[in-house]
>>> print(open('entry.txt').read())   # compact mmCIF, C-alpha atoms
# COMPACT_ATOMS: atom_id res chain seq x y z
CA MET A 6 31.61 -2.20 -2.54
CA ARG A 7 29.04 -2.60 0.23
CA ALA A 8 28.54 -0.28 3.16
CA LEU A 9 26.08 -0.15 6.07
CA LEU A 10 24.76 3.06 7.60
CA ARG A 11 23.11 2.83 11.02
CA PHE A 12 20.18 4.97 12.13
CA LYS A 13 18.46 5.24 15.51
CA ASP A 14 14.95 5.04 14.08
CA ILE A 15 12.83 5.01 10.92
CA ASN A 16 12.40 8.81 10.89
CA SER A 17 16.19 9.30 10.82
CA LEU A 18 16.46 6.93 7.87
CA VAL A 19 13.63 8.67 5.99
CA LYS A 20 15.22 12.08 6.66
CA TYR A 21 18.60 10.87 5.36
CA LEU A 22 17.06 9.32 2.23
CA SER A 23 15.00 12.47 1.56
CA GLU A 24 18.09 14.67 1.84
CA GLU A 25 20.04 12.41 -0.52
CA LEU A 26 17.15 12.47 -2.97
CA ASN A 27 17.07 16.29 -2.90
CA LYS A 28 20.84 16.45 -3.56
CA LEU A 29 20.49 14.11 -6.53
CA LEU A 30 17.61 16.09 -7.99
CA ILE A 31 19.66 19.29 -7.71
CA ALA A 32 22.66 17.58 -9.33
CA LYS A 33 20.47 16.32 -12.17
CA LYS A 34 19.13 19.84 -12.78
CA VAL A 35 22.64 21.34 -12.80
CA ILE A 36 23.87 18.68 -15.23
CA GLU A 37 20.93 19.35 -17.56
CA GLU A 38 21.71 23.09 -17.46
CA GLU A 39 25.39 22.49 -18.21
CA LEU A 40 24.51 20.13 -21.05
CA SER A 41 22.61 22.93 -22.77
CA LYS A 42 25.79 25.06 -22.56
CA ASP A 43 28.10 22.21 -23.65
CA SER A 44 30.42 23.11 -20.76
CA LEU A 45 33.89 21.77 -20.08
CA VAL A 46 34.22 19.76 -16.87
CA ASP A 47 37.22 18.49 -14.94
CA ILE A 48 37.02 14.80 -14.14
CA ILE A 49 39.00 13.60 -11.13
CA GLU A 50 39.18 9.83 -10.77
CA ILE A 51 40.69 7.92 -7.87
CA ASP A 52 42.27 4.69 -9.08
CA LYS A 53 42.24 1.50 -7.01
CA ASP A 54 45.84 2.14 -5.98
CA GLY A 55 44.85 5.61 -4.68
CA SER A 56 46.42 7.68 -7.45
CA LEU A 57 44.49 10.55 -9.01
CA THR A 58 43.80 11.04 -12.69
CA ILE A 59 42.57 14.45 -13.82
CA LYS A 60 41.23 15.18 -17.28
CA ARG A 61 39.03 17.79 -18.93
CA GLU A 62 36.19 16.90 -21.27
CA ARG A 63 32.98 18.35 -22.61
CA ILE A 64 30.03 17.39 -20.45
CA THR A 65 28.22 16.11 -23.55
CA GLU A 66 30.93 13.43 -23.90
CA ILE A 67 30.20 11.94 -20.47
CA ARG A 68 26.50 12.73 -20.07
CA GLY A 69 25.07 9.27 -20.75
CA GLY A 70 26.77 7.44 -17.92
CA LEU A 71 26.45 10.32 -15.51
CA ALA A 72 22.73 10.90 -15.99
CA GLU A 73 22.05 7.16 -15.89
CA LYS A 74 23.88 6.74 -12.56
CA ILE A 75 21.93 9.61 -11.01
CA ASP A 76 18.62 8.23 -12.33
CA ILE A 77 19.39 4.78 -10.87
CA ARG A 78 20.06 6.31 -7.44
CA ILE A 79 16.92 8.47 -7.61
CA LYS A 80 14.79 5.46 -8.51
CA ALA A 81 16.31 3.32 -5.72
CA ILE A 82 15.72 6.00 -3.08
CA ASN A 83 12.16 6.69 -4.27
CA THR A 84 11.37 2.97 -4.15
CA LEU A 85 12.74 2.63 -0.63
CA LEU A 86 10.90 5.71 0.62
CA GLU A 87 7.59 4.51 -0.84
CA GLU A 88 8.02 1.05 0.69
CA ILE A 89 8.96 2.42 4.11
CA LYS A 90 5.97 4.77 4.12
CA SER A 91 3.59 2.02 3.05
CA ILE A 92 4.81 -0.39 5.75
CA PHE A 93 5.25 1.99 8.68
CA ASN A 94 2.54 4.58 7.94
CA ASP A 95 4.70 7.48 9.19
CA GLY A 96 5.21 5.71 12.54
CA ASN A 97 8.62 6.31 14.09
CA TYR A 98 9.84 2.87 15.07
CA THR A 99 13.10 2.63 16.99
CA GLY A 100 15.63 -0.16 17.07
CA ILE A 101 18.57 -1.04 14.92
CA VAL A 102 17.93 0.39 11.46
CA LEU A 103 20.62 -0.29 8.86
CA LEU A 104 20.74 0.97 5.29
CA GLU A 105 22.84 -1.21 3.00
CA LEU A 106 24.49 0.56 0.08
CA GLU A 107 25.98 -1.31 -2.85
CA ASN A 108 28.29 0.86 -4.93
CA GLY A 109 26.64 3.92 -3.42
CA ILE A 110 23.13 2.79 -4.33
CA PRO A 111 20.67 1.95 -1.54
CA SER A 112 19.92 -1.75 -1.88
CA ARG A 113 18.03 -2.76 1.27
CA VAL A 114 17.08 -1.86 4.83
CA LEU A 115 17.78 -4.19 7.74
CA LEU A 116 15.64 -3.80 10.87
CA SER A 117 16.07 -5.29 14.32
CA GLN A 118 13.21 -7.25 15.81
CA PRO A 119 11.25 -6.21 17.67
CA LEU A 120 11.03 -2.57 16.68
CA THR A 121 9.30 -0.34 19.20
CA LEU A 122 7.08 2.60 18.47
CA GLY A 123 9.13 5.64 19.47
CA GLU A 124 8.50 9.32 20.04
CA GLY A 125 7.30 11.52 17.22
CA SER A 126 4.90 8.93 15.85
>>> encode(input="entry.txt", output="structure tokens")
Amino acid sequence: MRALLRFKDINSLVKYLSEELNKLLIAKKVIEEELSKDSLVDIIEIDKDGSLTIKRERITEIRGGLAEKIDIRIKAINTLLEEIKSIFNDGNYTGIVLLELENGIPSRVLLSQPLTLGEGS
């Protein structure tokens, strides 16, 4: 599934990505702590038809896929942040700034042309 998020400027996009990165890093730390305890977790899945499935498993049984998904998102966000900072040098350009997400993973940024140097640069 693809989704687009719109931002008013580059700084808003960077702030959003940084907040998402922090949430993922916290989630990764919590998962690692729970893995050491071999905790039980409730898994709630929403099927395509909208029905809910709830099951309980040990976190060690689902750790591989979970940790891998978080790592993929962390890597994607880090890559985007590094690229944005290298291109815009902390300048706050305004215009139409769209973040495209594919299955919840940032895939690319779409920028209107021309972008203008805004306040806070």
>>> residues_around(input="entry.txt", residues="Ser17 (chain A)", least_positions_apart="5", cutoff="9 Å", atoms="all atoms listed in the file", output="list of chain:residue names")
A:Phe12, A:Leu22, A:Asn97
>>> write_last_selection(input="entry.txt", atoms="C-alpha atoms", output="tab-separated table (two decimals), in the frame of the given file")
chain	number	residue	atom	x	y	z
A	12	PHE	CA	20.18	4.97	12.13
A	22	LEU	CA	17.06	9.32	2.23
A	97	ASN	CA	8.62	6.31	14.09
>>> residues_around(input="entry.txt", residues="Ile89 (chain A)", least_positions_apart="6", cutoff="9 Å", atoms="all atoms listed in the file", output="MDAnalysis selection string")
chainID A and resid 15 19 95
>>> residues_around(input="entry.txt", residues="region 36-51 of chain A", least_positions_apart="2", cutoff="10 Å", atoms="all atoms listed in the file", output="NGL selection string")
:A and (30-34 or 53-68 or 71-72)
>>> closest_residue(input="entry.txt", among="A:Gly69, A:Ile77, A:Asn94, A:Lys28", to="Leu122 (chain A)", atoms="only C-alpha atoms")
A:Asn94
>>> atom_distance(input="entry.txt", atom1="CA of Thr121 (chain A)", atom2="CA of Leu26 (chain A)")
26.8 Å
>>> closest_residue(input="entry.txt", among="A:Gly70, A:Ala8, A:Arg113, A:Thr84", to="Ser23 (chain A)", atoms="only C-alpha atoms")
A:Thr84
>>> residues_near_point(input="entry.txt", point="(16.3, -3.1, 15.5)", cutoff="6 Å", atoms="only C-alpha atoms", output="MDAnalysis selection string")
chainID A and resid 100:102 116:118 120
>>> atom_distance(input="entry.txt", atom1="CA of Leu10 (chain A)", atom2="CA of Tyr98 (chain A)")
16.7 Å
>>> axis_aligned_box(input="entry.txt", around="region 15-30 of chain A", padding_each_side="3 Å", output="AutoDock Vina command-line options")
--center_x 16.6 --center_y 10.7 --center_z 1.5 --size_x 14.4 --size_y 17.4 --size_z 24.9
>>> atom_distance(input="entry.txt", atom1="CA of Lys90 (chain A)", atom2="CA of Val114 (chain A)")
13.0 Å
>>> closest_residue(input="entry.txt", among="A:Ser112, A:Leu106, A:Phe93, A:Lys74", to="Asp14 (chain A)", atoms="only C-alpha atoms")
A:Phe93
>>> closest_residue(input="entry.txt", among="A:Ile79, A:Leu86, A:Val35, A:Ile92", to="Ile110 (chain A)", atoms="all atoms listed in the file")
A:Ile79
>>> build_atoms(input="entry.txt", residues="region 77-88 of chain A", atoms="all heavy atoms", output="compact mmCIF listing (two decimals), keeping the file's coordinate frame")
# COMPACT_ATOMS: atom_id res chain seq x y z
N ILE A 77 19.45 6.05 -11.61
CA ILE A 77 19.39 4.78 -10.87
C ILE A 77 19.29 5.05 -9.37
O ILE A 77 18.50 4.43 -8.66
CB ILE A 77 20.61 3.90 -11.21
CG1 ILE A 77 20.49 3.36 -12.63
CG2 ILE A 77 20.76 2.75 -10.21
CD1 ILE A 77 21.75 2.70 -13.15
N ARG A 78 20.09 5.98 -8.87
CA ARG A 78 20.06 6.31 -7.44
C ARG A 78 18.71 6.94 -7.05
O ARG A 78 18.15 6.62 -6.01
CB ARG A 78 21.21 7.23 -7.08
CG ARG A 78 22.54 6.52 -7.01
CD ARG A 78 23.67 7.47 -6.63
NE ARG A 78 24.89 6.78 -6.34
CZ ARG A 78 25.74 6.31 -7.23
NH1 ARG A 78 25.47 6.44 -8.52
NH2 ARG A 78 26.86 5.69 -6.87
N ILE A 79 18.21 7.83 -7.88
CA ILE A 79 16.92 8.47 -7.61
C ILE A 79 15.82 7.42 -7.54
O ILE A 79 15.00 7.42 -6.61
CB ILE A 79 16.60 9.55 -8.67
CG1 ILE A 79 17.51 10.77 -8.48
CG2 ILE A 79 15.13 9.96 -8.62
CD1 ILE A 79 17.43 11.79 -9.60
N LYS A 80 15.82 6.51 -8.49
CA LYS A 80 14.79 5.46 -8.51
C LYS A 80 14.90 4.57 -7.27
O LYS A 80 13.88 4.23 -6.65
CB LYS A 80 14.92 4.62 -9.78
CG LYS A 80 13.85 3.58 -9.91
CD LYS A 80 13.96 2.80 -11.20
CE LYS A 80 12.86 1.74 -11.23
NZ LYS A 80 13.02 0.85 -12.35
N ALA A 81 16.11 4.18 -6.89
CA ALA A 81 16.31 3.32 -5.72
C ALA A 81 15.82 3.99 -4.45
O ALA A 81 15.13 3.39 -3.62
CB ALA A 81 17.78 2.93 -5.59
N ILE A 82 16.14 5.26 -4.28
CA ILE A 82 15.72 6.00 -3.08
C ILE A 82 14.21 6.17 -3.07
O ILE A 82 13.57 5.97 -2.03
CB ILE A 82 16.46 7.35 -2.98
CG1 ILE A 82 17.94 7.10 -2.68
CG2 ILE A 82 15.83 8.24 -1.91
CD1 ILE A 82 18.80 8.33 -2.73
N ASN A 83 13.62 6.54 -4.20
CA ASN A 83 12.16 6.69 -4.27
C ASN A 83 11.46 5.38 -3.92
O ASN A 83 10.47 5.38 -3.17
CB ASN A 83 11.72 7.16 -5.66
CG ASN A 83 11.74 8.65 -5.79
OD1 ASN A 83 11.51 9.38 -4.84
ND2 ASN A 83 12.01 9.13 -6.99
N THR A 84 11.96 4.28 -4.44
CA THR A 84 11.37 2.97 -4.15
C THR A 84 11.44 2.65 -2.67
O THR A 84 10.45 2.21 -2.07
CB THR A 84 12.08 1.87 -4.97
OG1 THR A 84 11.96 2.19 -6.36
CG2 THR A 84 11.49 0.51 -4.71
N LEU A 85 12.60 2.88 -2.06
CA LEU A 85 12.74 2.63 -0.63
C LEU A 85 11.81 3.52 0.21
O LEU A 85 11.16 3.05 1.15
CB LEU A 85 14.18 2.85 -0.18
CG LEU A 85 15.11 1.66 -0.22
CD1 LEU A 85 16.51 2.07 0.17
CD2 LEU A 85 14.63 0.54 0.66
N LEU A 86 11.76 4.79 -0.13
CA LEU A 86 10.90 5.71 0.62
C LEU A 86 9.43 5.30 0.53
O LEU A 86 8.70 5.31 1.53
CB LEU A 86 11.08 7.15 0.13
CG LEU A 86 12.35 7.86 0.59
CD1 LEU A 86 12.51 9.18 -0.14
CD2 LEU A 86 12.34 8.07 2.10
N GLU A 87 8.99 4.94 -0.66
CA GLU A 87 7.59 4.51 -0.84
C GLU A 87 7.29 3.26 -0.03
O GLU A 87 6.25 3.15 0.62
CB GLU A 87 7.30 4.26 -2.32
CG GLU A 87 7.23 5.52 -3.15
CD GLU A 87 7.16 5.25 -4.65
OE1 GLU A 87 6.96 4.08 -5.04
OE2 GLU A 87 7.33 6.20 -5.42
N GLU A 88 8.21 2.30 -0.04
CA GLU A 88 8.02 1.05 0.69
C GLU A 88 7.99 1.29 2.20
O GLU A 88 7.15 0.75 2.92
CB GLU A 88 9.13 0.06 0.33
CG GLU A 88 8.88 -1.34 0.81
CD GLU A 88 7.71 -2.03 0.12
OE1 GLU A 88 7.33 -1.63 -0.99
OE2 GLU A 88 7.17 -2.96 0.72
